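Enquirer: Have a look at the structure that comes next, please.
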Amino acid sequence: MTVRIENVGRAVRETEYAVRGPIVNRAQELERQGREIIYCNIGNPQSLGQRPLTWVRQALALAEYPALLESAPGAFPADVAEVAREMLRGTHGHGLGVYTDSKGLHFVRQAVADFIRRRDGVAADPEAIFLTDGASKAAQGVLHLLVSGPRDGVLIPTPQYPLYSATLTLLGAARLPYQLDEGAQWKLTRQELEATLARARAGGITPRAVVVINPGNPTGAVLGEAEVEMVLEVARANDLAVLADEVYQENVYRPGERFVSFASALARRRLDDVSLFSFHSTSKGLLGECGHRGGYVECRNVPPEVMQEFVKLQSVALCANTVGQLVTYLMVTPPRPGGPSHARWEAERREVFQSLARRAELVERGLADVPGIQCNPVAGAMYAFPRITLPPGMSDEAWCLQLLEETGICVVPGTGFGQAPGTWHFRTTILPPVDRLEQVVRRIGEFHRRVGAR
Ligand SMILES: Cc1ncc(COP(=O)(O)O)c(C=O)c1O
């Protein structure tokens with residue numbers, strides 16, 4: 001028997017993931033026909049030319065093939081050989097071809113705990129850190145842990161990265177969207193969180209958790225300390241766990257803005273009765289190692305019996321891939337100052353950061369001048385989410401499709417991320433190289449002048 005579509009799980013059929021949806025399929029079709037496509041639909045930096053950091057790749061090469069340490073001594077800098085040996089020792093000499101603990105390799109979790117302590121000035125427990133195949137798996141795992149049916153709900157931002165809406169649909173739980181204030185640079189307000197909670201309860205839903213993405217995808221907004229603390233206070237008052245998606249913590253470009261972690265705010269406010277799950281990833285920041293699928297979740301204020309359940313859940317898939325675990329180690333363990341790799345590591349990171357900052361500004365400025373397009377500052381992350389004014393009868397999906405057909409530029413309609421009723425948006429990454437991005441911004445402007453409304 002062949003599998004029939006009506007036999008596919010309903011939750012799967014109902015799940016949507018716009019970042020790789022129908023517009024991208026059409027782009028691939030056009031590409032097969034010989035059209036040149038500029039993919040601005042997904043935050044996949046190396047696919048658009050960002051170079052991997054040498055430190056990471058050299059150390060990985062040695063860890064994957066340790067024979068090089070003997071057969072080619074001197075081919076790699078001494079500190080790279082040292083970190084590779086350290087990593088191999090951390091696998092108990094087994095190398096990368098073995099399963100690890102369900103939580104991940106202990107020495108990597110210890111290094112992540114040290115990184116958090118350096119970043120936030122607060123203690124972190126390696127036993128409360130789980131290494132995962134990217135932050136996606138971490139977020140999915142935590143949502144799995146926290147909801148158990150259609151009466152359980154999770155607050156998610158609008159607009160949001162569709163991992164959260166998709167996972168909640170798959171789990172059959174309620175999505176509780178709270179609107180970010182576009183008119184105030186995508187500000188997150190207490191009033192909106194409380195109104196969302198009240199609506200959920202009136203509908204018989206029990207809110208279990210709140211998701212915050214900081215810096216924001218797709219908004220590019222960076223939360224201030226007061227906003228982070230406000231979320232924690234609302235969570236405490238309403239018995240919610242907090243899911244802090246902090247994968248863009250290194251991607252803050254705007255002078256005057258800085259990343260404030262939820263873990264640091266939790267410690268500062270001494271909120272030991274709010275459960276916090278913080279996610280980080282090797283995919284973003286200045287590494288852009290999306291394909292290596294490295295990431296982690298750090299849990300705070302989670303009771304031991306709940307942690308045990310989480311370990312059990314993670315153990316169903318045995319463990320995260322070992323290469324991703326090592327990339328996570330290298331992300332949080334930079335070369336030591338004075339060592340042979342340090343200057344190069346610093347220079348490569350600076351180059352990536354400056355280029356991203358320049359591209360963020362280029363998109364923001366370039367689109368600001370176009371009548372019928374309003375673009376908030378791209379303060380962080382890797383995206384712009386401009387608002388577009390459309391003629392009656394045209395949707396953002398139709399606009400994105402026509403843009404693709406006419407210009408070869410592939411962006412994602414705002415519908416895929418959620419948007420206030422009556423408003424239209426699109427999301428573009430800032431990732432193409434500067435000369436291509438200039439073309440992207442110019443062509444979008446020309447296109448919208450023709451088809452948009454004022
Ligand atoms: C906000 C956010 N969280 C999580 C992810 C997924 O990251 P990973 O590659 O670590 O699974 C992304 C990817 O774009 C993202 O934008």
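Residue numbers start at 1 in each chain; chains themselves are named A, B, ... in the order of the structure tokens; ligands are numbered from 1 in the order shown.
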Using only C-alpha atoms and all ligand atoms, find each protein or nucleic acid residue lying at most 9 Å from ligand 1; present the set as an MDAnalysis selection string.

Expert: chainID A and resid 19 42:44 132:139 160:164 212:218 245:248 279:284 288:296 381:382

Enquirer: Need to verify the contact set: Gly393 in chain A, 12 Å, only C-alpha atoms, exclusion of same-chain residues closer than 3 positions in sequence. Can you return it as an MDAnalysis selection string?

Expert: chainID A and resid 389:390 396:399 422 424 452:453

Enquirer: Any chance you could export the current selection's all heavy atoms as a short mmCIF file (atom, residue, chain, number, x, y, z; two decimals), in the first residue's frame?

Expert:
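Dumped everything to part-v1.cif:
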data_model
loop_
_atom_site.label_atom_id
_atom_site.label_comp_id
_atom_site.auth_asym_id
_atom_site.auth_seq_id
_atom_site.Cartn_x
_atom_site.Cartn_y
_atom_site.Cartn_z
N THR A 389 2.96 48.79 2.00
CA THR A 389 1.59 49.20 1.71
C THR A 389 1.24 48.64 0.34
O THR A 389 1.97 48.85 -0.62
CB THR A 389 1.48 50.74 1.70
OG1 THR A 389 2.11 51.22 2.88
CG2 THR A 389 0.04 51.20 1.69
N LEU A 390 0.13 47.90 0.30
CA LEU A 390 -0.22 47.21 -0.95
C LEU A 390 -1.54 47.72 -1.50
O LEU A 390 -2.41 48.16 -0.74
CB LEU A 390 -0.33 45.70 -0.69
CG LEU A 390 0.95 45.01 -0.24
CD1 LEU A 390 0.72 43.51 -0.06
CD2 LEU A 390 2.07 45.24 -1.25
N ASP A 396 0.60 39.93 0.81
CA ASP A 396 2.07 39.92 0.86
C ASP A 396 2.63 38.69 0.14
O ASP A 396 3.72 38.74 -0.42
CB ASP A 396 2.59 40.03 2.30
CG ASP A 396 1.99 39.02 3.26
OD1 ASP A 396 1.18 38.19 2.83
OD2 ASP A 396 2.34 39.07 4.46
N GLU A 397 1.85 37.61 0.13
CA GLU A 397 2.33 36.42 -0.59
C GLU A 397 2.40 36.70 -2.09
O GLU A 397 3.39 36.36 -2.76
CB GLU A 397 1.39 35.24 -0.34
CG GLU A 397 1.79 34.51 0.92
CD GLU A 397 0.73 33.55 1.45
OE1 GLU A 397 -0.31 33.39 0.81
OE2 GLU A 397 0.98 32.99 2.52
N ALA A 398 1.35 37.37 -2.59
CA ALA A 398 1.33 37.70 -4.02
C ALA A 398 2.48 38.66 -4.35
O ALA A 398 3.16 38.52 -5.38
CB ALA A 398 -0.01 38.33 -4.39
N TRP A 399 2.72 39.61 -3.45
CA TRP A 399 3.81 40.58 -3.65
C TRP A 399 5.16 39.86 -3.71
O TRP A 399 5.97 40.11 -4.61
CB TRP A 399 3.78 41.59 -2.49
CG TRP A 399 4.74 42.74 -2.59
CD1 TRP A 399 4.51 43.97 -3.13
CD2 TRP A 399 6.10 42.78 -2.08
NE1 TRP A 399 5.62 44.76 -3.01
CE2 TRP A 399 6.60 44.06 -2.37
CE3 TRP A 399 6.90 41.86 -1.42
CZ2 TRP A 399 7.90 44.44 -2.01
CZ3 TRP A 399 8.20 42.23 -1.08
CH2 TRP A 399 8.67 43.51 -1.37
N GLY A 422 -4.52 43.57 8.94
CA GLY A 422 -4.55 44.78 8.11
C GLY A 422 -3.16 45.30 7.74
O GLY A 422 -3.04 46.32 7.06
N TRP A 424 0.81 44.39 6.11
CA TRP A 424 1.57 43.45 5.27
C TRP A 424 3.06 43.70 5.45
O TRP A 424 3.47 44.85 5.61
CB TRP A 424 1.22 43.65 3.79
CG TRP A 424 -0.22 43.48 3.43
CD1 TRP A 424 -1.06 44.45 2.98
CD2 TRP A 424 -1.00 42.26 3.45
NE1 TRP A 424 -2.31 43.91 2.72
CE2 TRP A 424 -2.29 42.58 3.00
CE3 TRP A 424 -0.70 40.93 3.81
CZ2 TRP A 424 -3.30 41.62 2.90
CZ3 TRP A 424 -1.71 39.99 3.71
CH2 TRP A 424 -2.99 40.33 3.25
N GLY A 452 3.48 48.65 -5.60
CA GLY A 452 2.93 48.92 -4.27
C GLY A 452 2.01 50.12 -4.27
O GLY A 452 1.73 50.73 -5.31
N ALA A 453 1.51 50.43 -3.09
CA ALA A 453 0.71 51.63 -2.93
C ALA A 453 1.46 52.55 -1.98
O ALA A 453 2.40 52.14 -1.32
CB ALA A 453 -0.66 51.25 -2.36
#

Enquirer: Can I get the residues of range 85-161 of chain A within 8 Å of range 324-345 of chain A, each with the closest pair of atoms and their distance in Å to one decimal, using only C-alpha atoms, sorted chain first then ascending number, as CSV?

Expert:
residue,atom,partner,partner_atom,distance
A:Met87,CA,A:Leu326,CA,7.4
A:Gly104,CA,A:Gln325,CA,7.1
A:Leu105,CA,A:Gln325,CA,7.3
A:Val108,CA,A:Tyr329,CA,5.2
A:Ala111,CA,A:Tyr329,CA,6.5
A:Val112,CA,A:Val332,CA,6.2
A:Phe115,CA,A:Val332,CA,5.8
A:Leu131,CA,A:Gln325,CA,6.5
A:Thr132,CA,A:Gln325,CA,7.6
A:Asp133,CA,A:Gly324,CA,6.6
A:Gly134,CA,A:Gly324,CA,7.7

Enquirer: Next, write the just-selected residues to a file, as a CSV table (one decimal), in the first residue's frame, keeping C-alpha atoms as the atom set.

Expert:
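That gives us out.csv:
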chain,number,residue,atom,x,y,z
A,87,MET,CA,38.6,17.7,22.8
A,104,GLY,CA,26.2,15.9,25.7
A,105,LEU,CA,29.9,15.6,26.5
A,108,VAL,CA,31.7,20.8,26.6
A,111,ALA,CA,33.0,25.0,28.9
A,112,VAL,CA,29.5,26.4,28.2
A,115,PHE,CA,31.2,30.9,29.1
A,131,LEU,CA,23.8,20.1,24.1
A,132,THR,CA,21.5,19.8,21.2
A,133,ASP,CA,21.4,19.5,17.4
A,134,GLY,CA,21.0,23.3,17.0

Enquirer: Against range 431-442 of chain A, which residues of range 400-426 of chain A fall within 12 Å? For each one I want the closest pair of atoms and the distance in Å (one decimal), counting only C-alpha atoms, rows by chain and increasing residue number, as CSV.

Expert:
residue,atom,partner,partner_atom,distance
A:Leu403,CA,A:Val440,CA,10.6
A:Leu404,CA,A:Val440,CA,11.1
A:Thr407,CA,A:Val440,CA,8.7
A:Gly408,CA,A:Val440,CA,9.3
A:Ile409,CA,A:Val440,CA,6.9
A:Cys410,CA,A:Val440,CA,9.7
A:Val411,CA,A:Val440,CA,10.3

Enquirer: Could you give me, as an NGL selection string, each residue of range 127-156 of chain A that DSSP assigns to strand (DSSP E) when run on this structure's backbone?

Expert: :A and (129-132 or 152-156)

Enquirer: Using only C-alpha atoms, can you tell me which of A:Glu446, A:Glu182, A:Glu305, A:Glu405 comes closest to Val370 in chain A?

Expert: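 Comparing A:Glu446, A:Glu182, A:Glu305, A:Glu405 against Val370 in chain A, the winner is A:Glu446.
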
Enquirer: Please give the complete set of residues from range 99-184 of chain A that DSSP, run on the backbone, assigns to alpha helix (DSSP H), formatted as a PyMOL selection string.

Expert: chain A and resi 106-120+134-146+163-171

Enquirer: For the residues in the current selection, export N, CA and C atoms as a JSON list (two decimals), in the first residue's frame.

Expert:
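Contents of again-v2.json, freshly written:
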[["chain", "number", "residue", "atom", "x", "y", "z"],
["A", 106, "HIS", "N", 30.59, 16.00, 28.77],
["A", 106, "HIS", "CA", 30.68, 16.81, 30.00],
["A", 106, "HIS", "C", 31.62, 17.99, 29.84],
["A", 107, "PHE", "N", 32.76, 17.78, 29.18],
["A", 107, "PHE", "CA", 33.73, 18.89, 29.12],
["A", 107, "PHE", "C", 33.16, 20.06, 28.30],
["A", 108, "VAL", "N", 32.28, 19.75, 27.35],
["A", 108, "VAL", "CA", 31.66, 20.84, 26.57],
["A", 108, "VAL", "C", 30.66, 21.57, 27.46],
["A", 109, "ARG", "N", 29.88, 20.82, 28.22],
["A", 109, "ARG", "CA", 28.90, 21.47, 29.10],
["A", 109, "ARG", "C", 29.61, 22.33, 30.15],
["A", 110, "GLN", "N", 30.76, 21.84, 30.63],
["A", 110, "GLN", "CA", 31.53, 22.65, 31.59],
["A", 110, "GLN", "C", 32.02, 23.94, 30.91],
["A", 111, "ALA", "N", 32.47, 23.82, 29.67],
["A", 111, "ALA", "CA", 32.95, 25.01, 28.95],
["A", 111, "ALA", "C", 31.81, 26.00, 28.71],
["A", 112, "VAL", "N", 30.61, 25.48, 28.44],
["A", 112, "VAL", "CA", 29.45, 26.37, 28.25],
["A", 112, "VAL", "C", 29.14, 27.08, 29.57],
["A", 113, "ALA", "N", 29.19, 26.32, 30.67],
["A", 113, "ALA", "CA", 28.93, 26.93, 31.99],
["A", 113, "ALA", "C", 29.95, 28.04, 32.27],
["A", 114, "ASP", "N", 31.23, 27.80, 31.92],
["A", 114, "ASP", "CA", 32.27, 28.82, 32.12],
["A", 114, "ASP", "C", 32.00, 30.05, 31.26],
["A", 115, "PHE", "N", 31.53, 29.80, 30.04],
["A", 115, "PHE", "CA", 31.20, 30.90, 29.12],
["A", 115, "PHE", "C", 30.08, 31.77, 29.70],
["A", 116, "ILE", "N", 29.06, 31.12, 30.23],
["A", 116, "ILE", "CA", 27.92, 31.87, 30.81],
["A", 116, "ILE", "C", 28.41, 32.69, 32.02],
["A", 117, "ARG", "N", 29.28, 32.08, 32.81],
["A", 117, "ARG", "CA", 29.80, 32.80, 33.98],
["A", 117, "ARG", "C", 30.62, 34.02, 33.54],
["A", 118, "ARG", "N", 31.44, 33.85, 32.50],
["A", 118, "ARG", "CA", 32.22, 34.99, 32.00],
["A", 118, "ARG", "C", 31.29, 36.07, 31.43],
["A", 119, "ARG", "N", 30.26, 35.62, 30.69],
["A", 119, "ARG", "CA", 29.37, 36.57, 30.02],
["A", 119, "ARG", "C", 28.51, 37.34, 31.02],
["A", 120, "ASP", "N", 27.98, 36.62, 32.01],
["A", 120, "ASP", "CA", 26.96, 37.21, 32.88],
["A", 120, "ASP", "C", 27.43, 37.48, 34.31],
["A", 134, "GLY", "N", 21.55, 21.95, 17.23],
["A", 134, "GLY", "CA", 21.04, 23.29, 16.98],
["A", 134, "GLY", "C", 20.06, 23.69, 18.07],
["A", 135, "ALA", "N", 19.77, 25.01, 18.11],
["A", 135, "ALA", "CA", 18.81, 25.50, 19.11],
["A", 135, "ALA", "C", 17.41, 24.98, 18.81],
["A", 136, "SER", "N", 17.14, 24.64, 17.55],
["A", 136, "SER", "CA", 15.79, 24.17, 17.19],
["A", 136, "SER", "C", 15.39, 22.97, 18.03],
["A", 137, "LYS", "N", 16.30, 22.01, 18.13],
["A", 137, "LYS", "CA", 15.98, 20.80, 18.88],
["A", 137, "LYS", "C", 15.82, 21.12, 20.38],
["A", 138, "ALA", "N", 16.59, 22.09, 20.84],
["A", 138, "ALA", "CA", 16.47, 22.48, 22.25],
["A", 138, "ALA", "C", 15.08, 23.06, 22.50],
["A", 139, "ALA", "N", 14.65, 23.95, 21.62],
["A", 139, "ALA", "CA", 13.35, 24.60, 21.81],
["A", 139, "ALA", "C", 12.23, 23.57, 21.70],
["A", 140, "GLN", "N", 12.35, 22.68, 20.73],
["A", 140, "GLN", "CA", 11.32, 21.66, 20.57],
["A", 140, "GLN", "C", 11.24, 20.77, 21.81],
["A", 141, "GLY", "N", 12.41, 20.41, 22.34],
["A", 141, "GLY", "CA", 12.45, 19.56, 23.53],
["A", 141, "GLY", "C", 11.76, 20.24, 24.71],
["A", 142, "VAL", "N", 12.07, 21.51, 24.91],
["A", 142, "VAL", "CA", 11.49, 22.22, 26.07],
["A", 142, "VAL", "C", 9.98, 22.35, 25.89],
["A", 143, "LEU", "N", 9.53, 22.64, 24.67],
["A", 143, "LEU", "CA", 8.07, 22.75, 24.46],
["A", 143, "LEU", "C", 7.40, 21.40, 24.72],
["A", 144, "HIS", "N", 8.05, 20.34, 24.28],
["A", 144, "HIS", "CA", 7.55, 18.99, 24.55],
["A", 144, "HIS", "C", 7.36, 18.76, 26.04],
["A", 145, "LEU", "N", 8.33, 19.25, 26.79],
["A", 145, "LEU", "CA", 8.33, 19.05, 28.23],
["A", 145, "LEU", "C", 7.19, 19.80, 28.91],
["A", 146, "LEU", "N", 6.82, 20.96, 28.33],
["A", 146, "LEU", "CA", 5.95, 21.87, 29.08],
["A", 146, "LEU", "C", 4.47, 21.78, 28.73],
["A", 163, "LEU", "N", 9.52, 28.39, 14.03],
["A", 163, "LEU", "CA", 9.83, 27.19, 14.83],
["A", 163, "LEU", "C", 8.80, 27.02, 15.95],
["A", 164, "TYR", "N", 8.43, 28.13, 16.57],
["A", 164, "TYR", "CA", 7.57, 28.03, 17.76],
["A", 164, "TYR", "C", 6.13, 27.71, 17.40],
["A", 165, "SER", "N", 5.58, 28.41, 16.41],
["A", 165, "SER", "CA", 4.20, 28.11, 16.01],
["A", 165, "SER", "C", 4.13, 26.69, 15.46],
["A", 166, "ALA", "N", 5.11, 26.31, 14.66],
["A", 166, "ALA", "CA", 5.08, 24.98, 14.03],
["A", 166, "ALA", "C", 5.16, 23.89, 15.10],
["A", 167, "THR", "N", 6.04, 24.06, 16.07],
["A", 167, "THR", "CA", 6.20, 23.01, 17.09],
["A", 167, "THR", "C", 4.93, 22.90, 17.95],
["A", 168, "LEU", "N", 4.34, 24.05, 18.27],
["A", 168, "LEU", "CA", 3.11, 23.98, 19.08],
["A", 168, "LEU", "C", 1.99, 23.31, 18.29],
["A", 169, "THR", "N", 1.91, 23.57, 16.99],
["A", 169, "THR", "CA", 0.90, 22.88, 16.18],
["A", 169, "THR", "C", 1.16, 21.38, 16.20],
["A", 170, "LEU", "N", 2.42, 20.99, 16.01],
["A", 170, "LEU", "CA", 2.76, 19.57, 16.03],
["A", 170, "LEU", "C", 2.40, 18.91, 17.35],
["A", 171, "LEU", "N", 2.56, 19.67, 18.44],
["A", 171, "LEU", "CA", 2.29, 19.11, 19.76],
["A", 171, "LEU", "C", 0.81, 19.19, 20.13]]

Enquirer: When you look at Glu225 in chain A with a cut-off of 9 Å (counting only C-alpha atoms), what residues show up, excluding the ones that are within fewer than 3 positions of it in the same chain? I need them as a ChimeraX atom specification.

Expert: /A:228-230,259-262,265

Enquirer: Take the selection from the previous step and output its residues with all heavy atoms, as a CSV table (one decimal), in the first residue's frame.

Expert:
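Listing of out_0.csv after writing:
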chain,number,residue,atom,x,y,z
A,228,VAL,N,13.5,42.9,29.6
A,228,VAL,CA,13.9,41.5,30.0
A,228,VAL,C,13.3,41.2,31.5
A,228,VAL,O,12.7,40.2,31.7
A,228,VAL,CB,15.4,41.3,30.0
A,228,VAL,CG1,15.8,39.9,30.5
A,228,VAL,CG2,15.9,41.4,28.5
A,229,GLU,N,13.6,42.2,32.3
A,229,GLU,CA,13.1,42.0,33.7
A,229,GLU,C,11.6,42.0,33.8
A,229,GLU,O,11.0,41.3,34.6
A,229,GLU,CB,13.7,43.2,34.6
A,229,GLU,CG,15.2,43.0,34.7
A,229,GLU,CD,15.8,44.0,35.7
A,229,GLU,OE1,15.0,44.8,36.3
A,229,GLU,OE2,17.0,44.0,35.9
A,230,MET,N,11.0,42.8,33.0
A,230,MET,CA,9.5,42.9,33.0
A,230,MET,C,8.9,41.5,32.6
A,230,MET,O,8.0,41.0,33.2
A,230,MET,CB,9.0,43.9,32.0
A,230,MET,CG,7.5,44.0,31.8
A,230,MET,SD,6.9,42.9,30.6
A,230,MET,CE,7.4,43.5,29.1
A,259,PHE,N,23.3,43.3,24.3
A,259,PHE,CA,22.5,42.1,24.6
A,259,PHE,C,22.5,41.9,26.1
A,259,PHE,O,23.5,42.0,26.8
A,259,PHE,CB,23.1,40.9,23.9
A,259,PHE,CG,22.6,39.6,24.5
A,259,PHE,CD1,21.3,39.1,24.2
A,259,PHE,CD2,23.4,38.8,25.3
A,259,PHE,CE1,20.9,37.9,24.7
A,259,PHE,CE2,22.9,37.6,25.8
A,259,PHE,CZ,21.6,37.2,25.5
A,260,VAL,N,21.3,41.7,26.7
A,260,VAL,CA,21.1,41.4,28.1
A,260,VAL,C,20.5,40.0,28.2
A,260,VAL,O,19.4,39.8,27.7
A,260,VAL,CB,20.1,42.4,28.8
A,260,VAL,CG1,19.9,42.0,30.2
A,260,VAL,CG2,20.6,43.8,28.6
A,261,SER,N,21.2,39.1,28.8
A,261,SER,CA,20.7,37.7,28.8
A,261,SER,C,19.6,37.6,29.9
A,261,SER,O,19.6,38.3,30.9
A,261,SER,CB,21.8,36.7,29.1
A,261,SER,OG,22.2,36.8,30.5
A,262,PHE,N,18.7,36.7,29.7
A,262,PHE,CA,17.7,36.4,30.7
A,262,PHE,C,18.3,35.8,32.0
A,262,PHE,O,17.9,36.1,33.1
A,262,PHE,CB,16.6,35.5,30.2
A,262,PHE,CG,15.5,36.3,29.5
A,262,PHE,CD1,15.6,36.7,28.2
A,262,PHE,CD2,14.3,36.5,30.2
A,262,PHE,CE1,14.6,37.5,27.6
A,262,PHE,CE2,13.3,37.3,29.6
A,262,PHE,CZ,13.4,37.7,28.3
A,265,ALA,N,19.5,38.6,34.2
A,265,ALA,CA,18.4,39.4,34.8
A,265,ALA,C,17.8,38.6,35.9
A,265,ALA,O,17.5,39.1,37.0
A,265,ALA,CB,17.4,39.8,33.7

Enquirer: Kindly indicate which residue among A:Arg89, A:Arg57, A:Arg151, A:Lys103 lies nearest to Ser315 in chain A, using only C-alpha atoms for the distances.

Expert: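 Residue with the minimum atom-to-atom distance to Ser315 in chain A: A:Lys103.
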
Enquirer: Can you work out which one of A:Leu176, A:Leu266, A:Leu240, A:Val24 has the shortest atom-to-atom distance to Ile38 in chain A, counting only C-alpha atoms?

Expert: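 Answer, going by the shortest atom-to-atom distance: A:Val24.
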
Enquirer: Could you please determine the separation between CA of Asp369 in chain A and CA of Thr158 in chain A in Å, to one decimal place?

Expert: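 Calculated distance between CA of Asp369 in chain A and CA of Thr158 in chain A is 25.4 Å.
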
Enquirer: Hey, what's within 6 Å of Tyr383 in chain A if we count only C-alpha atoms and toss same-chain stuff fewer than 6 positions away? As a ChimeraX atom specification, please?

Expert: /A:218,220,428-430

Enquirer: Need to verify the contact set: Lys312 in chain A, 10 Å, only C-alpha atoms, exclusion of same-chain residues closer than 6 positions in sequence. Can you return it as an MDAnalysis selection string?

Expert: chainID A and resid 102:103 306 318

Enquirer: Could you pull the residues within 8 Å of Pro177 in chain A, counting only C-alpha atoms, minus those fewer than 4 positions along the same chain, as a PyMOL selection string?

Expert: chain A and resi 155-158+196

Enquirer: Point out the residue among A:Ile5, A:Ala124, A:Ala195, A:Gly372 with the least atom-to-atom distance to Arg449 in chain A, counting only C-alpha atoms.

Expert: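 Of all the options, A:Gly372 lies closest to Arg449 in chain A.
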